[in-house]
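File shown: work_14.txt. Contents: compact mmCIF, C-alpha atoms.
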# COMPACT_ATOMS: atom_id res chain seq x y z
CA MET I 1255 0.00 0.00 0.00
CA SER I 1256 1.36 3.46 -0.90
CA ASP I 1257 2.24 6.08 1.71
CA LEU I 1258 -0.64 8.18 0.38
CA ALA I 1259 -3.13 5.45 1.19
CA VAL I 1260 -1.63 4.84 4.63
CA ASN I 1261 -1.89 8.52 5.50
CA ASP I 1262 -5.42 8.82 4.14
CA GLY I 1263 -8.10 9.62 6.74
CA SER I 1264 -10.29 6.75 5.64
CA TYR I 1265 -7.47 4.30 6.34
CA GLN I 1266 -7.14 5.66 9.88
CA GLN I 1267 -10.86 5.15 10.29
CA LEU I 1268 -10.37 1.54 9.22
CA LEU I 1269 -7.68 1.07 11.87
CA ASP I 1270 -9.87 2.68 14.51
CA ARG I 1271 -12.88 0.50 13.65
CA ILE I 1272 -10.78 -2.66 13.79
CA GLY I 1273 -9.31 -1.55 17.13
CA GLU I 1274 -12.77 -0.90 18.58
CA CYS I 1275 -13.99 -4.26 17.28
CA LEU I 1276 -11.04 -6.08 18.89
CA ALA I 1277 -11.51 -4.28 22.22
CA LEU I 1278 -15.21 -5.12 22.27
CA GLY I 1279 -14.58 -8.74 21.28
CA ARG I 1280 -11.93 -9.19 23.98
CA GLN I 1281 -14.22 -7.68 26.60
CA GLN I 1282 -17.10 -9.92 25.57
CA ALA I 1283 -14.81 -12.96 25.59
CA PHE I 1284 -13.60 -12.07 29.09
CA GLU I 1285 -17.17 -11.63 30.33
CA GLN I 1286 -18.21 -14.92 28.75
CA VAL I 1287 -15.29 -16.83 30.31
CA ASN I 1288 -15.97 -15.16 33.67
CA SER I 1289 -19.68 -16.01 33.48
CA VAL I 1290 -18.93 -19.67 32.72
CA LEU I 1291 -16.40 -19.84 35.58
CA VAL I 1292 -18.86 -18.35 38.08
CA GLU I 1293 -21.63 -20.74 36.98
CA THR I 1294 -19.20 -23.68 37.20
CA TYR I 1295 -18.27 -22.81 40.78
CA TRP I 1296 -21.98 -22.46 41.63
CA GLN I 1297 -22.57 -25.96 40.20
CA ILE I 1298 -19.70 -27.39 42.23
CA GLY I 1299 -21.18 -25.82 45.35
CA ARG I 1300 -24.52 -27.42 44.49
CA TYR I 1301 -22.93 -30.86 44.14
CA ILE I 1302 -21.23 -30.48 47.53
CA VAL I 1303 -24.44 -29.44 49.29
CA GLU I 1304 -26.49 -32.21 47.63
CA PHE I 1305 -23.85 -34.75 48.66
CA GLU I 1306 -24.00 -33.51 52.27
CA GLN I 1307 -27.79 -33.74 52.30
CA ALA I 1308 -28.01 -37.18 50.69
CA GLY I 1309 -28.50 -39.15 53.89
CA LYS I 1310 -27.19 -40.17 57.28
CA GLU I 1311 -24.39 -42.25 55.78
CA ARG I 1312 -22.78 -39.04 54.51
CA ALA I 1313 -22.67 -37.47 57.96
CA GLU I 1314 -19.53 -39.40 58.82
CA TYR I 1315 -17.58 -37.22 56.41
CA GLY I 1316 -18.45 -34.17 58.50
CA SER I 1317 -15.93 -31.34 58.39
CA LYS I 1318 -13.36 -33.59 56.71
CA LEU I 1319 -15.29 -33.62 53.43
CA LEU I 1320 -13.89 -30.37 52.05
CA GLN I 1321 -10.38 -31.24 53.17
CA VAL I 1322 -10.43 -34.60 51.41
CA LEU I 1323 -12.22 -33.18 48.36
CA SER I 1324 -9.66 -30.38 48.09
CA ARG I 1325 -6.78 -32.86 48.13
CA ASP I 1326 -8.29 -35.08 45.43
CA LEU I 1327 -9.42 -32.21 43.15
CA LYS I 1328 -6.02 -30.51 43.29
CA ALA I 1329 -4.34 -33.81 42.43
CA ALA I 1330 -6.66 -34.29 39.45
CA TYR I 1331 -7.21 -30.73 38.18
CA GLY I 1332 -4.50 -28.50 39.66
CA LYS I 1333 -4.85 -25.22 41.58
CA GLY I 1334 -8.07 -23.44 42.44
CA PHE I 1335 -9.53 -26.07 44.75
CA SER I 1336 -8.24 -25.12 48.17
CA ARG I 1337 -10.43 -26.00 51.12
CA SER I 1338 -11.35 -22.32 51.59
CA ASN I 1339 -12.29 -21.96 47.91
CA LEU I 1340 -14.49 -25.05 48.11
CA GLN I 1341 -16.11 -23.59 51.20
CA TYR I 1342 -16.89 -20.43 49.24
CA MET I 1343 -18.40 -22.53 46.43
CA ARG I 1344 -20.60 -24.27 48.98
CA LEU I 1345 -21.69 -20.93 50.48
CA PHE I 1346 -22.17 -19.58 46.97
CA TYR I 1347 -24.85 -22.15 46.23
CA LEU I 1348 -26.49 -21.77 49.64
CA ASN I 1349 -26.77 -17.99 49.26
CA TYR I 1350 -27.68 -17.99 45.55
CA GLU I 1351 -29.86 -21.05 45.08
CA ASN I 1352 -31.20 -19.68 41.78
CA CYS I 1353 -28.38 -19.63 39.26
CA GLN I 1354 -30.36 -17.20 37.08
CA THR I 1355 -29.89 -14.43 39.65
CA LEU I 1356 -26.11 -14.39 39.19
CA SER I 1357 -24.65 -11.36 37.43
CA GLY I 1358 -22.29 -11.85 34.52
CA LYS I 1359 -20.71 -8.51 35.45
CA LEU I 1360 -19.21 -9.84 38.70
CA SER I 1361 -16.12 -12.01 38.93
CA TRP I 1362 -15.59 -14.93 41.29
CA SER I 1363 -13.37 -12.62 43.36
CA HIS I 1364 -16.31 -10.23 43.72
CA TYR I 1365 -18.52 -13.05 44.94
CA THR I 1366 -15.98 -14.32 47.49
CA GLU I 1367 -15.85 -10.80 48.96
CA LEU I 1368 -19.63 -10.63 49.04
CA LEU I 1369 -19.95 -14.08 50.64
CA ALA I 1370 -17.78 -12.88 53.53
CA ILE I 1371 -20.64 -10.50 54.48
CA SER I 1372 -22.94 -12.32 56.89
CA ASP I 1373 -25.78 -9.78 56.82
CA ASP I 1374 -28.14 -10.43 53.88
CA LEU I 1375 -29.21 -6.78 53.54
CA ALA I 1376 -25.63 -5.50 53.44
CA ARG I 1377 -24.55 -8.21 50.99
CA SER I 1378 -27.39 -7.40 48.62
CA PHE I 1379 -26.55 -3.69 48.78
CA TYR I 1380 -22.87 -4.19 47.95
CA GLU I 1381 -23.76 -6.59 45.15
CA GLN I 1382 -26.06 -4.02 43.53
CA GLN I 1383 -23.48 -1.26 43.89
CA CYS I 1384 -20.81 -3.45 42.27
CA ILE I 1385 -23.10 -4.04 39.30
CA GLN I 1386 -24.31 -0.46 38.95
CA ASP I 1387 -21.01 1.35 39.53
CA ARG I 1388 -18.70 -1.32 38.10
CA TRP I 1389 -16.64 -1.51 41.28
CA SER I 1390 -13.38 -3.39 41.09
CA VAL I 1391 -12.72 -5.95 43.81
CA ARG I 1392 -10.39 -3.42 45.44
CA GLU I 1393 -13.13 -0.78 45.48
CA LEU I 1394 -15.58 -3.29 46.94
CA LYS I 1395 -13.15 -4.12 49.76
CA ARG I 1396 -12.65 -0.45 50.55
CA GLN I 1397 -16.38 0.28 50.67
CA LYS I 1398 -16.99 -2.76 52.87
CA ASP I 1399 -14.24 -1.71 55.26
CA SER I 1400 -15.64 1.81 55.47
CA ALA I 1401 -19.10 0.38 56.34
CA LEU I 1402 -20.73 2.25 53.47
CA PHE I 1403 -24.05 0.42 53.78
CA GLU I 1404 -24.44 1.20 57.46
CA ARG I 1405 -23.41 4.84 57.00
CA VAL I 1406 -25.93 5.39 54.22
CA ALA I 1407 -28.70 3.31 55.83
CA LEU I 1408 -28.59 5.06 59.22
CA SER I 1409 -30.19 8.17 57.70
CA LYS I 1410 -33.20 6.20 56.38
CA ASP I 1411 -36.33 4.53 57.71
CA ARG I 1412 -37.04 0.79 57.50
CA ALA I 1413 -38.72 0.91 54.08
CA GLU I 1414 -35.85 2.95 52.65
CA ILE I 1415 -33.26 0.60 54.16
CA LEU I 1416 -34.95 -2.44 52.59
CA ALA I 1417 -35.14 -0.65 49.23
CA LEU I 1418 -31.48 0.32 49.56
CA ALA I 1419 -30.51 -3.32 50.14
CA LYS I 1420 -32.64 -4.54 47.24
CA ASP I 1421 -31.79 -1.95 44.59
CA GLY I 1422 -28.58 -0.27 45.74
CA GLN I 1423 -28.24 3.46 46.21
CA ARG I 1424 -30.46 5.52 43.92
CA ILE I 1425 -29.58 9.14 43.28
CA GLU I 1426 -32.87 11.01 43.07
CA SER I 1427 -32.45 13.99 45.40
CA ALA I 1428 -29.76 16.10 47.05
CA ARG I 1429 -29.99 14.10 50.27
CA ASP I 1430 -29.07 10.92 48.37
CA VAL I 1431 -25.55 12.22 47.63
CA VAL I 1432 -24.72 13.27 51.21
CA LYS I 1433 -23.06 10.94 53.74
CA ASP I 1434 -22.44 11.44 57.45
CA PRO I 1435 -19.70 10.77 58.21
CA TYR I 1436 -17.35 10.80 55.25
CA VAL I 1437 -14.30 8.58 55.80
CA PHE I 1438 -10.86 9.67 54.58
CA GLU I 1439 -8.81 6.71 55.78
CA PHE I 1440 -7.20 6.50 52.32
CA LEU I 1441 -5.19 9.63 53.17
CA ASP I 1442 -3.30 7.57 55.76
CA LEU I 1443 -3.01 10.59 58.08
CA PRO I 1444 -2.54 10.46 61.87
CA ASP I 1445 -5.66 11.49 63.75
CA ARG I 1446 -4.80 15.09 64.69
CA ASN I 1447 -5.82 18.60 63.71
CA TYR I 1448 -4.81 19.82 60.24
CA ARG I 1449 -4.92 23.12 58.43
CA GLU I 1450 -7.82 23.25 56.02
CA SER I 1451 -5.50 23.86 53.07
CA GLU I 1452 -3.41 20.83 54.04
CA LEU I 1453 -6.41 18.52 54.20
CA GLU I 1454 -7.78 19.97 50.96
CA ASN I 1455 -4.52 19.41 49.08
CA ARG I 1456 -4.26 15.83 50.33
CA LEU I 1457 -7.80 15.10 49.12
CA ILE I 1458 -7.02 16.51 45.68
CA ALA I 1459 -3.82 14.45 45.53
CA GLU I 1460 -5.98 11.37 46.13
CA LEU I 1461 -8.81 12.60 43.89
CA GLU I 1462 -9.74 9.17 42.49
CA LYS I 1463 -10.23 7.74 45.99
CA PHE I 1464 -11.97 10.91 47.15
CA LEU I 1465 -14.47 10.61 44.28
CA LEU I 1466 -15.13 7.00 45.27
CA GLU I 1467 -15.94 8.11 48.81
CA LEU I 1468 -18.20 10.90 47.55
CA GLY I 1469 -20.18 8.39 45.49
CA LYS I 1470 -21.30 7.98 41.90
CA GLY I 1471 -21.99 10.89 39.61
CA PHE I 1472 -19.39 13.39 40.84
CA ALA I 1473 -17.13 15.22 38.37
CA PHE I 1474 -14.38 17.49 39.67
CA ILE I 1475 -14.60 21.14 38.57
CA GLY I 1476 -12.09 23.06 40.62
CA GLN I 1477 -10.21 23.79 43.84
CA GLN I 1478 -10.34 27.19 45.55
CA TYR I 1479 -13.00 28.29 43.08
CA ARG I 1480 -13.05 32.08 43.13
CA ILE I 1481 -16.21 34.15 43.24
CA THR I 1482 -16.22 37.93 43.45
CA LEU I 1483 -18.80 40.12 45.17
CA ASN I 1484 -18.39 43.92 45.21
CA ASN I 1485 -14.64 43.61 44.45
CA THR I 1486 -14.16 41.12 47.31
CA HIS I 1487 -12.91 37.65 46.46
CA PHE I 1488 -14.22 34.50 48.12
CA PHE I 1489 -13.00 30.96 47.50
CA VAL I 1490 -15.05 27.76 47.59
CA ASP I 1491 -12.73 24.96 48.68
CA LEU I 1492 -13.96 22.30 46.24
CA VAL I 1493 -16.49 22.44 43.42
CA PHE I 1494 -17.96 19.39 41.68
CA TYR I 1495 -20.71 18.82 39.16
CA HIS I 1496 -23.13 15.96 39.69
CA ARG I 1497 -23.92 14.29 36.37
CA ILE I 1498 -27.06 12.52 37.59
CA LEU I 1499 -28.69 15.41 39.47
CA LYS I 1500 -27.32 17.94 36.94
CA CYS I 1501 -26.17 20.48 39.50
CA PHE I 1502 -23.08 21.97 41.09
CA VAL I 1503 -21.97 20.55 44.44
CA LEU I 1504 -19.94 22.90 46.64
CA ILE I 1505 -17.83 21.57 49.51
CA ASP I 1506 -16.24 23.69 52.21
CA LEU I 1507 -13.78 21.95 54.54
CA LYS I 1508 -13.63 22.87 58.23
CA THR I 1509 -11.04 21.19 60.42
CA GLN I 1510 -12.85 22.28 63.59
CA ALA I 1511 -16.48 22.02 64.67
CA VAL I 1512 -18.84 23.79 62.27
CA SER I 1513 -20.02 27.29 63.23
CA HIS I 1514 -23.10 29.25 62.21
CA GLN I 1515 -20.79 31.57 60.22
CA ASP I 1516 -19.64 28.57 58.16
CA ILE I 1517 -23.23 27.72 57.34
CA GLY I 1518 -24.06 31.33 56.44
CA GLN I 1519 -21.04 31.51 54.16
CA MET I 1520 -22.07 28.35 52.31
CA ASN I 1521 -25.58 29.74 51.91
CA MET I 1522 -24.07 32.82 50.26
CA TYR I 1523 -22.03 30.61 47.90
CA LEU I 1524 -25.17 28.71 46.89
CA ASN I 1525 -27.05 31.94 46.18
CA TYR I 1526 -24.17 33.12 44.01
CA PHE I 1527 -23.91 29.87 42.04
CA ARG I 1528 -27.64 29.76 41.44
CA ALA I 1529 -27.61 33.34 40.08
CA GLU I 1530 -24.25 33.52 38.32
CA GLU I 1531 -22.91 30.04 37.52
CA ASN I 1532 -25.97 27.93 36.74
CA MET I 1533 -26.75 27.37 33.08
CA LYS I 1534 -30.30 27.10 31.75
CA ASP I 1535 -30.60 23.34 32.31
CA ASP I 1536 -28.80 23.20 35.68
CA ASN I 1537 -30.73 22.35 38.82
CA GLU I 1538 -30.34 24.04 42.21
CA PRO I 1539 -26.76 23.71 43.57
CA ILE I 1540 -25.98 21.60 46.63
CA GLY I 1541 -23.74 22.79 49.46
CA ILE I 1542 -21.93 20.54 51.94
CA VAL I 1543 -20.05 21.98 54.90
CA LEU I 1544 -17.70 19.14 55.77
CA ALA I 1545 -16.44 19.60 59.33
CA ARG I 1546 -14.45 17.66 61.91
CA ASP I 1547 -17.45 17.82 64.23
CA LYS I 1548 -20.90 19.37 64.49
CA ASP I 1549 -23.43 20.35 67.11
CA GLU I 1550 -26.77 19.02 65.91
CA ILE I 1551 -28.77 21.70 67.73
CA LEU I 1552 -26.62 24.52 66.33
CA VAL I 1553 -26.97 23.08 62.82
CA GLU I 1554 -30.74 22.80 63.23
CA TYR I 1555 -31.10 26.46 64.18
CA ALA I 1556 -28.50 27.75 61.72
CA THR I 1557 -30.09 25.99 58.75
CA GLY I 1558 -33.69 26.70 59.77
CA GLY I 1559 -35.49 28.77 57.14
CA ILE I 1560 -32.77 28.27 54.53
CA SER I 1561 -34.35 27.29 51.23
CA ASN I 1562 -31.08 26.21 49.61
CA GLN I 1563 -29.97 22.56 49.60
CA LEU I 1564 -27.39 22.94 52.37
CA PHE I 1565 -26.05 20.04 54.42
CA VAL I 1566 -23.56 19.73 57.26
CA SER I 1567 -21.59 16.47 57.53
CA ARG I 1568 -18.66 15.21 59.52
CA TYR I 1569 -15.47 13.62 58.26
CA GLN I 1570 -13.11 11.26 60.04
CA LEU I 1571 -9.61 10.11 59.21
CA TYR I 1572 -10.05 6.52 60.36
CA LEU I 1573 -12.45 3.72 59.57
CA PRO I 1574 -15.59 3.59 61.73
CA ASP I 1575 -16.22 0.58 63.92
CA PRO I 1576 -18.48 -1.55 61.70
CA GLU I 1577 -19.92 -3.42 64.69
CA VAL I 1578 -21.06 -0.21 66.36
CA LEU I 1579 -22.74 0.92 63.14
CA LYS I 1580 -24.37 -2.48 62.67
CA GLN I 1581 -25.75 -2.41 66.21
CA GLU I 1582 -27.15 1.08 65.64
CA LEU I 1583 -28.72 -0.05 62.37
CA ARG I 1584 -30.30 -3.09 64.04
CA ARG I 1585 -31.72 -0.83 66.75
CA LEU I 1586 -33.15 1.46 64.09
CA LEU I 1587 -34.78 -1.45 62.25
CA GLU I 1588 -36.28 -2.74 65.51
CA VAL I 1589 -37.68 0.71 66.36
CA ASN I 1590 -39.21 1.06 62.89
CA ASP I 1591 -40.58 -2.46 63.13
CA GLY I 1592 -42.30 -1.66 66.38
Can you present the structure in this file as structure tokens?
Amino acid sequence: MSDLAVNDGSYQQLLDRIGECLALGRQQAFEQVNSVLVETYWQIGRYIVEFEQAGKERAEYGSKLLQVLSRDLKAAYGKGFSRSNLQYMRLFYLNYENCQTLSGKLSWSHYTELLAISDDLARSFYEQQCIQDRWSVRELKRQKDSALFERVALSKDRAEILALAKDGQRIESARDVVKDPYVFEFLDLPDRNYRESELENRLIAELEKFLLELGKGFAFIGQQYRITLNNTHFFVDLVFYHRILKCFVLIDLKTQAVSHQDIGQMNMYLNYFRAEENMKDDNEPIGIVLARDKDEILVEYATGGISNQLFVSRYQLYLPDPEVLKQELRRLLEVNDG
């Protein structure tokens, strides 16, 4: 082929189309192989459970069954049949007795992480979030460790908690994008007081992880976003745009307990963005004052009468105690049940 043909735009289009076709084919092949592997492990789990339930004569195998089975399968078929992996296959079948409910979007590694969650509601929630947001296994582990389900569920009533577990987190209103607390353990900072600029810069340096903690739909717009009123400059710490709610999200960081002045300042920012920054199709902006601590009564009085979508949340630099959150969630479900 001549150099003229090689440099022709139509030839480049040919290369691009072939490249896209290959990428799509490889992805589909990977998903197909993954789907077959997951279904195979489910079938193995079924065989194990059916063998255990086949009668009294099988009871003598007891806890030794998986150990012996692991030894013989590894000898015959190689790696992948450790006792722990066989135990996961058994649990896989017991927790997903209908093979049709399995998602082809999740890998076996996803399912082993999910099977380690004993609470059915929490497991269902994380499964739906993995599917919807295409979490990697690493992202799933991080969200589990940060007790995302409990943190989100504690702000809801029983019906909302059950819907959250069944369908995952739906973004339909401003309140759906706000957490309390936010967890910044990925910064790996000692638990002490920091300057606001220092904390802000560390969050931007770890922007990918910060966006994961914020939740789906956030797009970063700017840091120290300047607005000018009567020749006086003000700076919003962090500005995002939410693709689902179609609105700006403003975040102001406070390394001390939130004050009523902080809330008033955010309200001013929201008024400015609504009047000066919003485009025709943008919805009302959301403001989050993210503080080290907050007085609930002060926040109640300071936000009373404010029509803007303004929220005050806490942040913490270490992972919450999942057991404490689980106990609080159980108490909430019992209260709602009563």
All residues 7 Å or closer to I:Ile1298, only C-alpha atoms, same chain fewer than 4 positions away omitted, as a PyMOL selection string: chain I and resi 1294+1302+1343
Selected residues written out, C-alpha atoms, as a PDB file, in the frame of the given file:
ATOM      1  CA  THR I1294     -19.200 -23.680  37.200  1.00  0.00           C
ATOM      2  CA  ILE I1302     -21.230 -30.480  47.530  1.00  0.00           C
ATOM      3  CA  MET I1343     -18.400 -22.530  46.430  1.00  0.00           C
TER       4      MET I1343
END
Where's the centre, and what are the edge lengths in Å to one decimal, of a box along x, y and z enclosing all listed atoms of stretch 1514-1529 of chain I padded 5 Å per side, as AutoDock Vina command-line options?
--center_x -23.6 --center_y 30.5 --center_z 51.1 --size_x 18.0 --size_y 15.6 --size_z 32.1
Spatial neighbours of stretch 1371-1386 of chain I, 10 Å, all atoms listed in the file, chain gap at least 3 places, as an MDAnalysis selection string: chainID I and resid 1349 1357:1360 1364:1368 1389:1391 1393:1395 1397:1398 1401:1404 1407 1415:1424 1470 1580
Sel. within 12 Å of pt (-19.4, -19.4, 35.7), counting all atoms listed in the file, output as a list in words: Phe1284, Glu1285, Gln1286, Val1287, Asn1288, Ser1289, Val1290, Leu1291, Val1292, Glu1293, Thr1294, Tyr1295, Trp1296, Gln1297, Ile1298, Gly1299, Met1343, Phe1346, Cys1353, Gln1354, Leu1356, Ser1357, Gly1358, Lys1359, Leu1360, Ser1361, Trp1362, Ser1363 and Tyr1365 of chain I
Writing out the chosen residues with C-alpha atoms as a PDB file, keeping the file's coordinate frame:
ATOM      1  CA  PHE I1284     -13.600 -12.070  29.090  1.00  0.00           C
ATOM      2  CA  GLU I1285     -17.170 -11.630  30.330  1.00  0.00           C
ATOM      3  CA  GLN I1286     -18.210 -14.920  28.750  1.00  0.00           C
ATOM      4  CA  VAL I1287     -15.290 -16.830  30.310  1.00  0.00           C
ATOM      5  CA  ASN I1288     -15.970 -15.160  33.670  1.00  0.00           C
ATOM      6  CA  SER I1289     -19.680 -16.010  33.480  1.00  0.00           C
ATOM      7  CA  VAL I1290     -18.930 -19.670  32.720  1.00  0.00           C
ATOM      8  CA  LEU I1291     -16.400 -19.840  35.580  1.00  0.00           C
ATOM      9  CA  VAL I1292     -18.860 -18.350  38.080  1.00  0.00           C
ATOM     10  CA  GLU I1293     -21.630 -20.740  36.980  1.00  0.00           C
ATOM     11  CA  THR I1294     -19.200 -23.680  37.200  1.00  0.00           C
ATOM     12  CA  TYR I1295     -18.270 -22.810  40.780  1.00  0.00           C
ATOM     13  CA  TRP I1296     -21.980 -22.460  41.630  1.00  0.00           C
ATOM     14  CA  GLN I1297     -22.570 -25.960  40.200  1.00  0.00           C
ATOM     15  CA  ILE I1298     -19.700 -27.390  42.230  1.00  0.00           C
ATOM     16  CA  GLY I1299     -21.180 -25.820  45.350  1.00  0.00           C
ATOM     17  CA  MET I1343     -18.400 -22.530  46.430  1.00  0.00           C
ATOM     18  CA  PHE I1346     -22.170 -19.580  46.970  1.00  0.00           C
ATOM     19  CA  CYS I1353     -28.380 -19.630  39.260  1.00  0.00           C
ATOM     20  CA  GLN I1354     -30.360 -17.200  37.080  1.00  0.00           C
ATOM     21  CA  LEU I1356     -26.110 -14.390  39.190  1.00  0.00           C
ATOM     22  CA  SER I1357     -24.650 -11.360  37.430  1.00  0.00           C
ATOM     23  CA  GLY I1358     -22.290 -11.850  34.520  1.00  0.00           C
ATOM     24  CA  LYS I1359     -20.710  -8.510  35.450  1.00  0.00           C
ATOM     25  CA  LEU I1360     -19.210  -9.840  38.700  1.00  0.00           C
ATOM     26  CA  SER I1361     -16.120 -12.010  38.930  1.00  0.00           C
ATOM     27  CA  TRP I1362     -15.590 -14.930  41.290  1.00  0.00           C
ATOM     28  CA  SER I1363     -13.370 -12.620  43.360  1.00  0.00           C
ATOM     29  CA  TYR I1365     -18.520 -13.050  44.940  1.00  0.00           C
TER      30      TYR I1365
END
Among the residues I:Gln1267, I:Ser1409, I:Thr1557, I:Asn1537, the one that comes closest to I:Gln1519 [using only C-alpha atoms]: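 Of I:Gln1267, I:Ser1409, I:Thr1557, I:Asn1537, the one nearest I:Gln1519, counting only C-alpha atoms, is I:Thr1557.
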Atomic separation - atom CA of I:Glu1531 relative to atom CA of I:Arg1568, Å: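 For atom CA of I:Arg1568 relative to atom CA of I:Glu1531, the distance reads 26.9 Å.
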Long-range neighbours of I:Met1522 as a list in words, 12 Å cut-off, only C-alpha atoms, 4 positions minimum in chain: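 Here the answer would be Ile1481, Thr1482, Leu1483, Phe1488, Phe1489, Val1490, Leu1504, Gln1515, Asp1516, Ile1517, Gly1518, Tyr1526, Phe1527, Arg1528, Ala1529, Glu1530, Pro1539, Ile1540, Gly1541, Ile1560, Ser1561, Asn1562, Gln1563 and Leu1564 of chain I.
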Name the residues within 8 Å of (-15.4, -16.6, 51.9), counting all atoms listed in the file in the file's coordinates, and put them as a PDB file with C-alpha atoms, in the frame of the given file.
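Here's the written file result.pdb:
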ATOM      1  CA  SER I1338     -11.350 -22.320  51.590  1.00  0.00           C
ATOM      2  CA  ASN I1339     -12.290 -21.960  47.910  1.00  0.00           C
ATOM      3  CA  GLN I1341     -16.110 -23.590  51.200  1.00  0.00           C
ATOM      4  CA  TYR I1342     -16.890 -20.430  49.240  1.00  0.00           C
ATOM      5  CA  LEU I1345     -21.690 -20.930  50.480  1.00  0.00           C
ATOM      6  CA  THR I1366     -15.980 -14.320  47.490  1.00  0.00           C
ATOM      7  CA  GLU I1367     -15.850 -10.800  48.960  1.00  0.00           C
ATOM      8  CA  LEU I1368     -19.630 -10.630  49.040  1.00  0.00           C
ATOM      9  CA  LEU I1369     -19.950 -14.080  50.640  1.00  0.00           C
ATOM     10  CA  ALA I1370     -17.780 -12.880  53.530  1.00  0.00           C
TER      11      ALA I1370
END
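Rounded to one decimal, atom CA of I:Glu1462 and atom CA of I:Tyr1479 lie 19.4 Å from each other.
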Separation of atom CA of I:Val1432 from atom CA of I:His1487, in Å and rounded to one decimal: 27.5 Å
